[in-house]
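Okay, run_35.txt now, which holds compact mmCIF, C-alpha atoms:
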# COMPACT_ATOMS: atom_id res chain seq x y z
CA ASN R 1 88.75 76.72 154.07
CA ASN R 2 88.86 80.05 152.28
CA SER R 3 90.15 78.42 149.09
CA PHE R 4 88.51 76.41 146.28
CA ASN R 5 91.39 73.92 146.30
CA GLN R 6 91.35 73.53 150.09
CA ALA R 7 87.65 72.81 150.49
CA MET R 8 86.59 70.88 153.58
CA ASP R 9 86.01 67.29 152.46
CA LEU R 10 82.63 65.94 153.58
CA GLY R 11 83.05 62.58 151.86
CA THR R 12 80.10 60.81 150.27
CA LEU R 13 76.72 62.45 150.75
CA ASN R 14 73.90 59.92 150.89
CA GLY R 15 71.14 61.21 153.10
CA GLY R 16 71.17 64.35 155.24
CA ARG R 17 73.95 66.47 156.71
CA ILE R 18 73.97 69.65 158.82
CA LEU R 19 76.93 72.04 159.08
CA GLN R 20 77.61 75.28 160.90
CA GLY R 21 80.01 77.95 159.77
CA ALA R 22 80.75 81.66 159.56
CA VAL R 23 82.07 84.07 156.94
CA ASN R 24 83.66 87.51 157.32
CA ILE R 25 84.01 90.06 154.51
CA ASN R 26 87.50 91.02 155.71
CA THR R 27 89.16 87.83 156.95
CA ASP R 28 87.20 84.78 155.76
CA LYS R 29 84.89 85.76 152.92
CA TYR R 30 84.52 82.24 151.47
CA ASP R 31 83.83 78.78 152.87
CA PHE R 32 84.21 75.81 150.51
CA TYR R 33 82.92 72.28 151.09
CA ARG R 34 83.57 69.26 148.91
CA PHE R 35 81.28 66.23 148.69
CA LYS R 36 80.59 63.44 146.26
CA VAL R 37 77.63 61.29 145.23
CA ASP R 38 78.12 57.73 144.03
CA ALA R 39 75.08 57.57 141.74
CA PRO R 40 72.77 60.01 139.94
CA SER R 41 71.08 61.83 142.83
CA LYS R 42 68.52 64.41 143.80
CA PHE R 43 70.10 67.20 145.83
CA GLY R 44 68.66 69.81 148.16
CA LEU R 45 70.12 72.48 150.42
CA SER R 46 68.91 75.23 152.72
CA MET R 47 71.04 77.84 154.49
CA LEU R 48 69.58 79.71 157.44
CA GLY R 49 70.42 81.36 160.74
CA MET R 50 72.28 84.29 159.16
CA THR R 51 72.65 87.69 160.86
CA GLY R 52 73.90 89.25 157.62
CA ASN R 53 73.67 88.53 153.92
CA ALA R 54 75.44 85.40 152.67
CA ASN R 55 74.91 83.38 149.50
CA VAL R 56 75.62 79.84 148.36
CA ILE R 57 76.61 78.23 145.03
CA LEU R 58 76.77 74.58 143.94
CA ILE R 59 79.79 73.96 141.70
CA ARG R 60 81.39 71.17 139.70
CA ASP R 61 84.87 71.47 138.18
CA PHE R 62 83.69 70.13 134.83
CA ASN R 63 87.06 70.36 133.06
CA SER R 64 89.06 69.25 136.16
CA ASN R 65 91.46 72.19 135.88
CA GLY R 66 91.35 73.00 139.60
CA LEU R 67 89.96 76.46 138.85
CA LEU R 68 86.55 78.00 139.45
CA ASP R 69 85.42 78.78 135.89
CA PRO R 70 82.16 80.63 135.09
CA GLU R 71 80.64 77.55 133.45
CA ASP R 72 81.26 75.44 136.58
CA GLY R 73 78.26 76.85 138.45
CA ILE R 74 75.28 74.46 138.56
CA ALA R 75 72.86 76.37 140.78
CA GLY R 76 72.90 79.14 143.37
CA SER R 77 70.80 81.11 145.82
CA PHE R 78 71.34 84.88 146.10
CA LYS R 79 68.58 86.34 148.27
CA GLU R 80 68.88 89.68 150.01
CA GLY R 81 69.41 90.11 153.74
CA THR R 82 68.94 87.16 156.07
CA ALA R 83 66.31 85.29 154.03
CA ILE R 84 66.71 81.51 153.88
CA GLU R 85 68.78 80.46 150.88
CA ALA R 86 67.77 77.27 149.05
CA ILE R 87 69.04 75.10 146.17
CA ASN R 88 67.18 72.13 144.70
CA VAL R 89 68.53 70.04 141.83
CA ASP R 90 66.61 67.10 140.38
CA ARG R 91 69.71 65.31 139.17
CA LEU R 92 73.43 65.36 139.87
CA ASP R 93 75.80 63.06 138.00
CA ALA R 94 77.86 60.70 140.10
CA GLY R 95 81.01 62.57 141.03
CA SER R 96 82.53 65.33 143.14
CA TYR R 97 80.98 68.74 143.88
CA ILE R 98 81.84 71.95 145.71
CA LEU R 99 79.62 74.18 147.82
CA GLU R 100 80.74 77.81 148.08
CA VAL R 101 79.32 79.99 150.86
CA TYR R 102 80.38 83.61 150.66
CA LYS R 103 79.74 86.85 152.52
CA SER R 104 78.12 89.48 150.31
CA SER R 105 79.42 93.03 150.02
CA GLU R 106 76.61 94.61 152.07
CA ALA R 107 79.27 95.45 154.66
CA PHE R 108 80.56 98.18 152.37
CA SER R 109 77.20 99.98 152.72
CA GLY R 110 77.02 99.71 156.50
CA GLY R 111 75.79 96.11 156.86
CA PRO R 112 77.31 93.41 159.10
CA VAL R 113 80.87 92.41 158.19
CA SER R 114 80.29 88.78 159.26
CA THR R 115 77.57 86.23 159.74
CA SER R 116 77.20 82.69 160.99
CA TYR R 117 75.07 80.19 159.08
CA GLU R 118 73.69 76.66 159.18
CA LEU R 119 73.74 74.45 156.09
CA SER R 120 71.22 71.63 155.88
CA MET R 121 71.68 69.43 152.82
CA PHE R 122 70.74 66.05 151.45
CA ALA R 123 71.47 63.84 148.46
CA SER R 124 69.56 60.67 147.58
CA PRO R 125 70.00 58.34 144.57
CA ILE R 126 67.17 58.52 142.04
CA SER R 127 65.46 55.46 140.59
CA ARG R 128 63.46 57.03 137.76
CA ALA R 129 63.24 60.26 135.77
CA GLN R 130 60.91 61.77 133.19
CA VAL R 131 60.69 64.77 130.89
CA THR R 132 57.39 66.55 130.27
CA ILE R 133 56.78 68.95 127.38
CA ASN R 134 53.75 71.23 127.67
CA LEU R 135 52.71 72.93 124.42
CA ASP R 136 50.72 75.77 125.93
CA GLU R 137 49.71 77.84 122.91
CA LEU R 138 50.16 77.75 119.13
CA ILE R 139 49.23 80.73 116.95
CA ALA R 140 49.21 80.87 113.15
CA LEU R 141 50.96 84.07 112.05
CA GLU R 142 49.68 83.83 108.48
CA LYS R 143 47.12 81.92 106.41
CA PHE R 144 47.95 78.27 105.90
CA ASP R 145 45.16 77.49 103.39
CA ALA R 146 43.26 79.26 100.63
CA SER R 147 40.16 81.25 101.55
CA VAL R 148 36.76 79.81 100.67
CA PRO R 149 33.75 82.15 101.06
CA PHE R 150 31.43 81.47 103.99
CA THR R 151 33.79 78.85 105.50
CA ASN R 152 36.68 78.61 108.00
CA TRP R 153 38.72 76.46 105.60
CA ASP R 154 41.54 79.01 105.44
CA ARG R 155 42.27 78.36 109.10
CA ALA R 156 45.01 75.91 110.05
CA ASP R 157 44.49 72.26 110.97
CA PHE R 158 47.44 71.88 113.32
CA TYR R 159 48.93 68.70 114.71
CA SER R 160 52.31 68.07 116.34
CA THR R 161 54.95 65.44 116.95
CA VAL R 162 57.28 65.66 119.93
CA THR R 163 60.38 63.47 120.23
CA ILE R 164 62.05 63.06 123.63
CA ALA R 165 65.27 61.03 123.86
CA GLY R 166 64.50 59.30 120.58
CA ARG R 167 60.88 58.39 121.34
CA SER R 168 58.12 60.18 119.43
CA GLN R 169 54.56 61.02 120.43
CA GLY R 170 51.87 62.83 118.48
CA VAL R 171 48.71 64.79 119.15
CA GLY R 172 45.61 64.80 116.97
CA ILE R 173 44.42 67.43 114.53
CA PHE R 174 42.89 70.69 115.76
CA THR R 175 40.60 71.47 112.83
CA ASP R 176 40.14 75.06 111.59
CA GLN R 177 41.90 76.72 114.53
CA ASN R 178 44.49 79.45 114.08
CA ILE R 179 44.93 79.69 117.84
CA VAL R 180 45.23 76.47 119.84
CA LYS R 181 45.60 76.59 123.60
CA ASN R 182 46.76 73.51 125.54
CA PHE R 183 48.09 72.07 122.30
CA GLY R 184 49.40 68.95 124.01
CA THR R 185 51.31 67.46 126.94
CA PHE R 186 53.98 64.83 126.33
CA THR R 187 55.73 62.83 129.06
CA GLN R 188 58.54 60.37 128.50
CA ASN R 189 60.64 58.32 130.92
CA VAL R 190 64.37 58.93 130.38
CA ASP R 191 67.60 57.23 131.40
CA ILE R 192 68.68 58.44 134.85
CA ASN R 193 72.33 58.20 133.73
CA GLN R 194 71.79 60.59 130.83
CA ARG R 195 72.74 64.21 131.50
CA TYR R 196 71.63 65.71 128.17
CA ILE R 197 68.17 65.03 126.76
CA ASP R 198 67.56 65.73 123.06
CA ILE R 199 64.08 67.02 122.17
CA SER R 200 62.42 67.98 118.90
CA ILE R 201 59.06 69.67 118.34
CA GLN R 202 57.41 69.53 114.91
CA VAL R 203 54.13 71.17 113.94
CA LYS R 204 52.25 70.60 110.68
CA ASP R 205 49.04 71.77 109.00
CA GLU R 206 46.96 68.85 107.75
CA ASP R 207 45.98 69.18 104.09
CA GLY R 208 44.89 65.66 103.28
CA VAL R 209 47.78 64.61 101.03
CA PHE R 210 50.72 67.02 101.25
CA ASP R 211 50.78 68.52 104.72
CA ASP R 212 52.48 71.87 105.31
CA TRP R 213 55.21 72.41 107.88
CA ALA R 214 54.47 75.15 110.39
CA ASP R 215 57.65 77.16 110.87
CA ILE R 216 58.27 77.63 114.61
CA ASN R 217 62.06 78.06 114.37
CA PRO R 218 63.41 81.66 114.19
CA VAL R 219 66.41 80.49 112.15
CA TYR R 220 65.85 81.00 108.42
CA GLY R 221 65.26 77.73 106.58
CA ARG R 222 64.50 75.72 109.73
CA ASP R 223 60.94 74.66 110.61
CA SER R 224 60.99 72.43 113.68
CA LEU R 225 62.71 73.07 117.02
CA ILE R 226 65.79 70.98 117.85
CA LEU R 227 66.43 71.34 121.57
CA ARG R 228 68.79 70.02 124.21
CA TYR R 229 68.00 69.94 127.93
CA ASP R 230 70.73 69.78 130.59
CA THR R 231 69.39 67.75 133.52
CA MET R 232 72.00 69.12 135.94
CA THR R 233 71.63 72.85 135.30
CA GLY R 234 68.04 72.90 133.99
CA ARG R 235 69.20 74.87 130.92
CA LEU R 236 67.39 74.48 127.60
CA THR R 237 69.16 75.36 124.35
CA ARG R 238 68.20 75.44 120.68
CA GLU R 239 71.21 74.32 118.64
CA GLY R 240 73.53 76.04 121.12
CA THR R 241 71.37 79.13 121.75
CA PHE R 242 70.19 79.46 125.36
CA LEU R 243 66.38 79.66 125.62
CA GLY R 244 65.56 79.37 129.32
CA PHE R 245 65.38 77.13 132.34
CA ASP R 246 63.31 74.19 133.53
CA GLY R 247 59.63 75.10 133.94
CA GLN R 248 59.90 78.53 132.29
CA SER R 249 57.52 79.53 129.52
CA ILE R 250 59.48 79.80 126.27
CA THR R 251 58.16 81.29 123.03
CA GLN R 252 59.59 80.64 119.57
CA GLU R 253 58.28 81.66 116.14
CA GLY R 254 59.19 81.36 112.48
CA GLY R 255 61.83 83.70 111.11
CA THR R 256 61.76 86.53 108.58
CA GLY R 257 61.70 85.28 105.01
CA ASP R 258 60.15 81.94 105.84
CA SER R 259 56.59 80.92 105.00
CA ASN R 260 53.85 79.32 107.10
CA ASN R 261 55.12 80.99 110.26
CA ALA R 262 53.60 80.16 113.62
CA ARG R 263 54.32 81.07 117.23
CA LEU R 264 54.65 78.35 119.89
CA SER R 265 54.79 78.81 123.67
CA PHE R 266 55.92 75.77 125.61
CA ARG R 267 57.56 74.51 128.81
CA VAL R 268 60.04 71.72 129.53
CA GLN R 269 60.13 70.04 132.93
CA TYR R 270 62.44 67.33 134.30
CA ASP R 271 61.35 65.31 137.33
CA SER R 272 63.29 62.67 139.22
CA PHE R 273 62.01 60.13 141.73
CA LEU R 274 63.73 58.39 144.62
Could you render the structure from this file as structure tokens?
Amino acid sequence: NNSFNQAMDLGTLNGGRILQGAVNINTDKYDFYRFKVDAPSKFGLSMLGMTGNANVILIRDFNSNGLLDPEDGIAGSFKEGTAIEAINVDRLDAGSYILEVYKSSEAFSGGPVSTSYELSMFASPISRAQVTINLDELIALEKFDASVPFTNWDRADFYSTVTIAGRSQGVGIFTDQNIVKNFGTFTQNVDINQRYIDISIQVKDEDGVFDDWADINPVYGRDSLILRYDTMTGRLTREGTFLGFDGQSITQEGGTGDSNNARLSFRVQYDSFL
């Protein structure tokens, strides 16, 4: 099964499965396995028992063209040497997937030309999922209010609103603080059948009547962050611009030419439950 289109068919994966195989840099560099899940599922895989370096990739032919396109990769493990490779995905859509095991090119520098391996994998339908937004730190990059002698009134009075999949939550006012750590944590249950989760983060400075927007978007003329999270790949984007992956600390700040700029560091995390 050295071909993407001739992958070994494993049928429906619901529970655990163990496979043994071998790859050779000269004669059988790739092994492909096809499986499907019938419902949104949590997926996990470990590959061990290698005597040389081999890697593994989880793939879905998203455009059904029968070709392995760069955007078809969902997750992979690419450790050096014979270390255990592992993939864990909180959510796969119902559908068909490919596992690609391949021998790395270490053989060209004197390493083993072949290796055996053992794949241990599982898939289990999920019953619930949630998204958590952690606003770790907010910093005012300029004065938000006029200075008053012998007071801290020029400091910002920040508060925020976070919307996850159409549901909004807010956090109270942090009075006279230009630097706010642990600005808020927001958790929202989401539809397990939904691949993309839309998120917005808004920050304002409370002024009593007409509150000021805090600009945390680097794009000129935009204040709030409009984000989209991909539950299959763990990728987070801002209006098409890639920002990072699930659980990573991401920092965004207001752009040149805007006013009331602030810098926000935050994390997005998706969790699924069996």
Grab the atom CA of R:Gly255 to atom CA of R:Ile216 distance for me, in Å with one decimal place. 7.9 Å
Which residue gives the smallest distance to R:Val23 among R:Gly184, R:Gly221, R:Gly247, R:Gly52, with all atoms listed in the file counted?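 Nearest to R:Val23: R:Gly52.
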Restrict the calculation to only C-alpha atoms, then for each residue of stretch 54-138 of chain R with any atom at most 9 Å from an atom of stretch 156-175 of chain R give the closest atom pair and their distance in Å to one decimal, rows by chain and rising residue number, as JSON lines.
{"residue": "R:Val131", "atom": "CA", "partner": "R:Ile164", "partner_atom": "CA", "distance": 7.6}
{"residue": "R:Thr132", "atom": "CA", "partner": "R:Ile164", "partner_atom": "CA", "distance": 8.8}
{"residue": "R:Ile133", "atom": "CA", "partner": "R:Val162", "partner_atom": "CA", "distance": 8.2}
{"residue": "R:Leu138", "atom": "CA", "partner": "R:Phe158", "partner_atom": "CA", "distance": 8.7}
Prev. selection, C-alpha atoms, output as a CSV table (one decimal), in the coordinates of the input:
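Output file result.csv is given in full below:
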chain,number,residue,atom,x,y,z
R,131,VAL,CA,60.7,64.8,130.9
R,132,THR,CA,57.4,66.6,130.3
R,133,ILE,CA,56.8,69.0,127.4
R,138,LEU,CA,50.2,77.8,119.1
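Relative to atom CA of R:Asp191, atom CA of R:Arg34 is found at 26.6 Å.
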What separation in Å, quoted to one decimal, exists between atom CA of R:Arg263 and atom CA of R:Leu236?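 Interatomic distance here is 17.9 Å.
Here the question is which of R:Ser116, R:Ser259, R:Asn63, R:Gln269 gets nearest to R:Asn189 using all atoms listed in the file, and that residue is R:Gln269.
Using all atoms listed in the file, the smallest distance between any of R:Thr256, R:Gln130, R:Gln194, R:Gln177 and R:Tyr270 comes from R:Gln130.
Using all atoms listed in the file, the smallest distance between any of R:Ile59, R:Gly234, R:Ser104, R:Ile25 and R:Glu80 comes from R:Ser104.
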Determine, counting only C-alpha atoms, every residue of protein, DNA or RNA that lies within 10 Å of (68.6, 72.2, 117.4) in the file coordinates, then give the result as a PyMOL selection string. chain R and resi 198-201+217+222+224-228+237-241
Neighbour list for R:Ala7 as JSON, numbers by chain, cut-off 12 Å, only C-alpha atoms, skip fewer than 6 positions in-chain: {"R": [1, 30, 31, 32, 33, 34, 35, 59, 66, 96, 97, 98, 99, 100, 101]}
Restrict the selected residues to C-alpha atoms and save them as a CSV table (one decimal), in the coordinates of the input.
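What ended up in out.csv:
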chain,number,residue,atom,x,y,z
R,1,ASN,CA,88.8,76.7,154.1
R,30,TYR,CA,84.5,82.2,151.5
R,31,ASP,CA,83.8,78.8,152.9
R,32,PHE,CA,84.2,75.8,150.5
R,33,TYR,CA,82.9,72.3,151.1
R,34,ARG,CA,83.6,69.3,148.9
R,35,PHE,CA,81.3,66.2,148.7
R,59,ILE,CA,79.8,74.0,141.7
R,66,GLY,CA,91.4,73.0,139.6
R,96,SER,CA,82.5,65.3,143.1
R,97,TYR,CA,81.0,68.7,143.9
R,98,ILE,CA,81.8,72.0,145.7
R,99,LEU,CA,79.6,74.2,147.8
R,100,GLU,CA,80.7,77.8,148.1
R,101,VAL,CA,79.3,80.0,150.9
I want to know what sits within 12 Å of R:Ala22, based on only C-alpha atoms, with residues of the same chain fewer than 6 positions away left out; could you give that as a list in words?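 Listed by chain and then number, they are Asn1, Asn2, Asp28, Lys29, Tyr30, Asp31, Phe32, Met47, Leu48, Gly49, Met50, Thr51, Gly52, Asn53, Ala54, Asn55, Val101, Tyr102, Lys103, Val113, Ser114, Thr115, Ser116, Tyr117, Glu118 and Leu119 of chain R.
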Can I get the selection written as a CSV table (one decimal), in the coordinates of the input, with C-alpha atoms?
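Result file is selection_6.csv:
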chain,number,residue,atom,x,y,z
R,1,ASN,CA,88.8,76.7,154.1
R,2,ASN,CA,88.9,80.0,152.3
R,28,ASP,CA,87.2,84.8,155.8
R,29,LYS,CA,84.9,85.8,152.9
R,30,TYR,CA,84.5,82.2,151.5
R,31,ASP,CA,83.8,78.8,152.9
R,32,PHE,CA,84.2,75.8,150.5
R,47,MET,CA,71.0,77.8,154.5
R,48,LEU,CA,69.6,79.7,157.4
R,49,GLY,CA,70.4,81.4,160.7
R,50,MET,CA,72.3,84.3,159.2
R,51,THR,CA,72.6,87.7,160.9
R,52,GLY,CA,73.9,89.2,157.6
R,53,ASN,CA,73.7,88.5,153.9
R,54,ALA,CA,75.4,85.4,152.7
R,55,ASN,CA,74.9,83.4,149.5
R,101,VAL,CA,79.3,80.0,150.9
R,102,TYR,CA,80.4,83.6,150.7
R,103,LYS,CA,79.7,86.8,152.5
R,113,VAL,CA,80.9,92.4,158.2
R,114,SER,CA,80.3,88.8,159.3
R,115,THR,CA,77.6,86.2,159.7
R,116,SER,CA,77.2,82.7,161.0
R,117,TYR,CA,75.1,80.2,159.1
R,118,GLU,CA,73.7,76.7,159.2
R,119,LEU,CA,73.7,74.4,156.1
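Among the candidates R:Ile250, R:Met232, R:Ala129, R:Ile139, the one nearest to R:Asp271 when counting only C-alpha atoms is R:Ala129.
Among the candidates R:Ala86, R:Met8, R:Ala214, R:Val268, the one nearest to R:Gly244 when counting only C-alpha atoms is R:Val268.
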Spatial neighbours of R:Ala123, max dist 7 Å, all atoms listed in the file, sep filter under 3 positions, as a list of chain:residue names: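 Contacts, with the query itself left out: R:Leu13, R:Asn14, R:Gly15, R:Gly16, R:Ser41, R:Lys42, R:Phe43, R:Gly44.
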So which residues touch R:Asp223 within 9 Å, counting all atoms listed in the file, skipping near sequence neighbours fewer than 3 positions away, as a ChimeraX atom specification? /R:202-203,213-220,254,258,261
Polymer residues at most 7 Å from R:Phe144, only C-alpha atoms, same-chain spacing of 3 or more positions, as a list in words: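 After dropping sequence-adjacent residues, the list is Asp154, Arg155, Ala156 and Asn260 of chain R.
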Missing atoms in stretch 35-46 of chain R need filling: write out all heavy atoms for it as an mmCIF file, in the coordinates of the input.
data_model
loop_
_atom_site.group_PDB
_atom_site.id
_atom_site.type_symbol
_atom_site.label_atom_id
_atom_site.label_comp_id
_atom_site.auth_asym_id
_atom_site.auth_seq_id
_atom_site.Cartn_x
_atom_site.Cartn_y
_atom_site.Cartn_z
ATOM 1 N N PHE R 35 81.962 67.496 148.438
ATOM 2 C CA PHE R 35 81.280 66.230 148.690
ATOM 3 C C PHE R 35 81.156 65.483 147.385
ATOM 4 O O PHE R 35 81.346 66.037 146.293
ATOM 5 C CB PHE R 35 79.898 66.458 149.326
ATOM 6 C CG PHE R 35 78.884 67.072 148.399
ATOM 7 C CD1 PHE R 35 78.038 66.278 147.619
ATOM 8 C CD2 PHE R 35 78.765 68.461 148.285
ATOM 9 C CE1 PHE R 35 77.107 66.843 146.763
ATOM 10 C CE2 PHE R 35 77.838 69.036 147.431
ATOM 11 C CZ PHE R 35 77.008 68.227 146.672
ATOM 12 N N LYS R 36 80.813 64.207 147.479
ATOM 13 C CA LYS R 36 80.590 63.440 146.260
ATOM 14 C C LYS R 36 79.315 62.609 146.411
ATOM 15 O O LYS R 36 78.852 62.337 147.529
ATOM 16 C CB LYS R 36 81.776 62.537 145.944
ATOM 17 C CG LYS R 36 82.008 61.404 146.929
ATOM 18 C CD LYS R 36 83.170 60.516 146.455
ATOM 19 C CE LYS R 36 83.375 59.340 147.413
ATOM 20 N NZ LYS R 36 84.435 58.418 146.916
ATOM 21 N N VAL R 37 78.753 62.240 145.270
ATOM 22 C CA VAL R 37 77.630 61.290 145.230
ATOM 23 C C VAL R 37 78.075 60.143 144.348
ATOM 24 O O VAL R 37 78.785 60.326 143.353
ATOM 25 C CB VAL R 37 76.340 61.944 144.701
ATOM 26 C CG1 VAL R 37 75.839 63.004 145.680
ATOM 27 C CG2 VAL R 37 76.526 62.557 143.318
ATOM 28 N N ASP R 38 77.663 58.935 144.716
ATOM 29 C CA ASP R 38 78.120 57.730 144.030
ATOM 30 C C ASP R 38 77.205 57.289 142.901
ATOM 31 O O ASP R 38 77.549 56.360 142.160
ATOM 32 C CB ASP R 38 78.277 56.576 145.031
ATOM 33 C CG ASP R 38 79.430 56.805 146.004
ATOM 34 O OD1 ASP R 38 80.381 57.521 145.628
ATOM 35 O OD2 ASP R 38 79.369 56.277 147.126
ATOM 36 N N ALA R 39 76.051 57.926 142.776
ATOM 37 C CA ALA R 39 75.080 57.570 141.740
ATOM 38 C C ALA R 39 74.290 58.820 141.397
ATOM 39 O O ALA R 39 74.288 59.791 142.175
ATOM 40 C CB ALA R 39 74.148 56.459 142.235
ATOM 41 N N PRO R 40 73.632 58.863 140.233
ATOM 42 C CA PRO R 40 72.770 60.010 139.940
ATOM 43 C C PRO R 40 71.804 60.275 141.090
ATOM 44 O O PRO R 40 71.112 59.362 141.543
ATOM 45 C CB PRO R 40 72.047 59.581 138.659
ATOM 46 C CG PRO R 40 72.986 58.625 138.005
ATOM 47 C CD PRO R 40 73.630 57.867 139.133
ATOM 48 N N SER R 41 71.766 61.525 141.569
ATOM 49 C CA SER R 41 71.080 61.830 142.830
ATOM 50 C C SER R 41 70.301 63.128 142.753
ATOM 51 O O SER R 41 70.680 64.070 142.041
ATOM 52 C CB SER R 41 72.098 61.920 143.977
ATOM 53 O OG SER R 41 72.790 60.706 144.165
ATOM 54 N N LYS R 42 69.240 63.164 143.526
ATOM 55 C CA LYS R 42 68.520 64.410 143.800
ATOM 56 C C LYS R 42 69.246 65.117 144.933
ATOM 57 O O LYS R 42 69.695 64.466 145.902
ATOM 58 C CB LYS R 42 67.070 64.110 144.171
ATOM 59 C CG LYS R 42 66.188 65.333 144.359
ATOM 60 C CD LYS R 42 64.831 64.914 144.903
ATOM 61 C CE LYS R 42 63.984 64.226 143.847
ATOM 62 N NZ LYS R 42 63.390 65.185 142.879
ATOM 63 N N PHE R 43 69.358 66.446 144.827
ATOM 64 C CA PHE R 43 70.100 67.200 145.830
ATOM 65 C C PHE R 43 69.274 68.384 146.303
ATOM 66 O O PHE R 43 68.586 69.043 145.507
ATOM 67 C CB PHE R 43 71.422 67.712 145.241
ATOM 68 C CG PHE R 43 72.198 68.618 146.165
ATOM 69 C CD1 PHE R 43 72.996 68.102 147.150
ATOM 70 C CD2 PHE R 43 72.096 70.000 146.038
ATOM 71 C CE1 PHE R 43 73.709 68.942 148.004
ATOM 72 C CE2 PHE R 43 72.800 70.841 146.878
ATOM 73 C CZ PHE R 43 73.610 70.310 147.863
ATOM 74 N N GLY R 44 69.332 68.653 147.601
ATOM 75 C CA GLY R 44 68.660 69.810 148.160
ATOM 76 C C GLY R 44 69.485 70.443 149.259
ATOM 77 O O GLY R 44 70.245 69.756 149.960
ATOM 78 N N LEU R 45 69.341 71.750 149.413
ATOM 79 C CA LEU R 45 70.120 72.480 150.420
ATOM 80 C C LEU R 45 69.318 73.674 150.897
ATOM 81 O O LEU R 45 68.616 74.336 150.117
ATOM 82 C CB LEU R 45 71.436 72.950 149.810
ATOM 83 C CG LEU R 45 72.328 73.915 150.587
ATOM 84 C CD1 LEU R 45 73.793 73.679 150.222
ATOM 85 C CD2 LEU R 45 71.973 75.375 150.308
ATOM 86 N N SER R 46 69.410 73.970 152.186
ATOM 87 C CA SER R 46 68.910 75.230 152.720
ATOM 88 C C SER R 46 69.978 75.815 153.638
ATOM 89 O O SER R 46 70.711 75.084 154.314
ATOM 90 C CB SER R 46 67.588 75.035 153.482
ATOM 91 O OG SER R 46 67.757 74.177 154.591
#
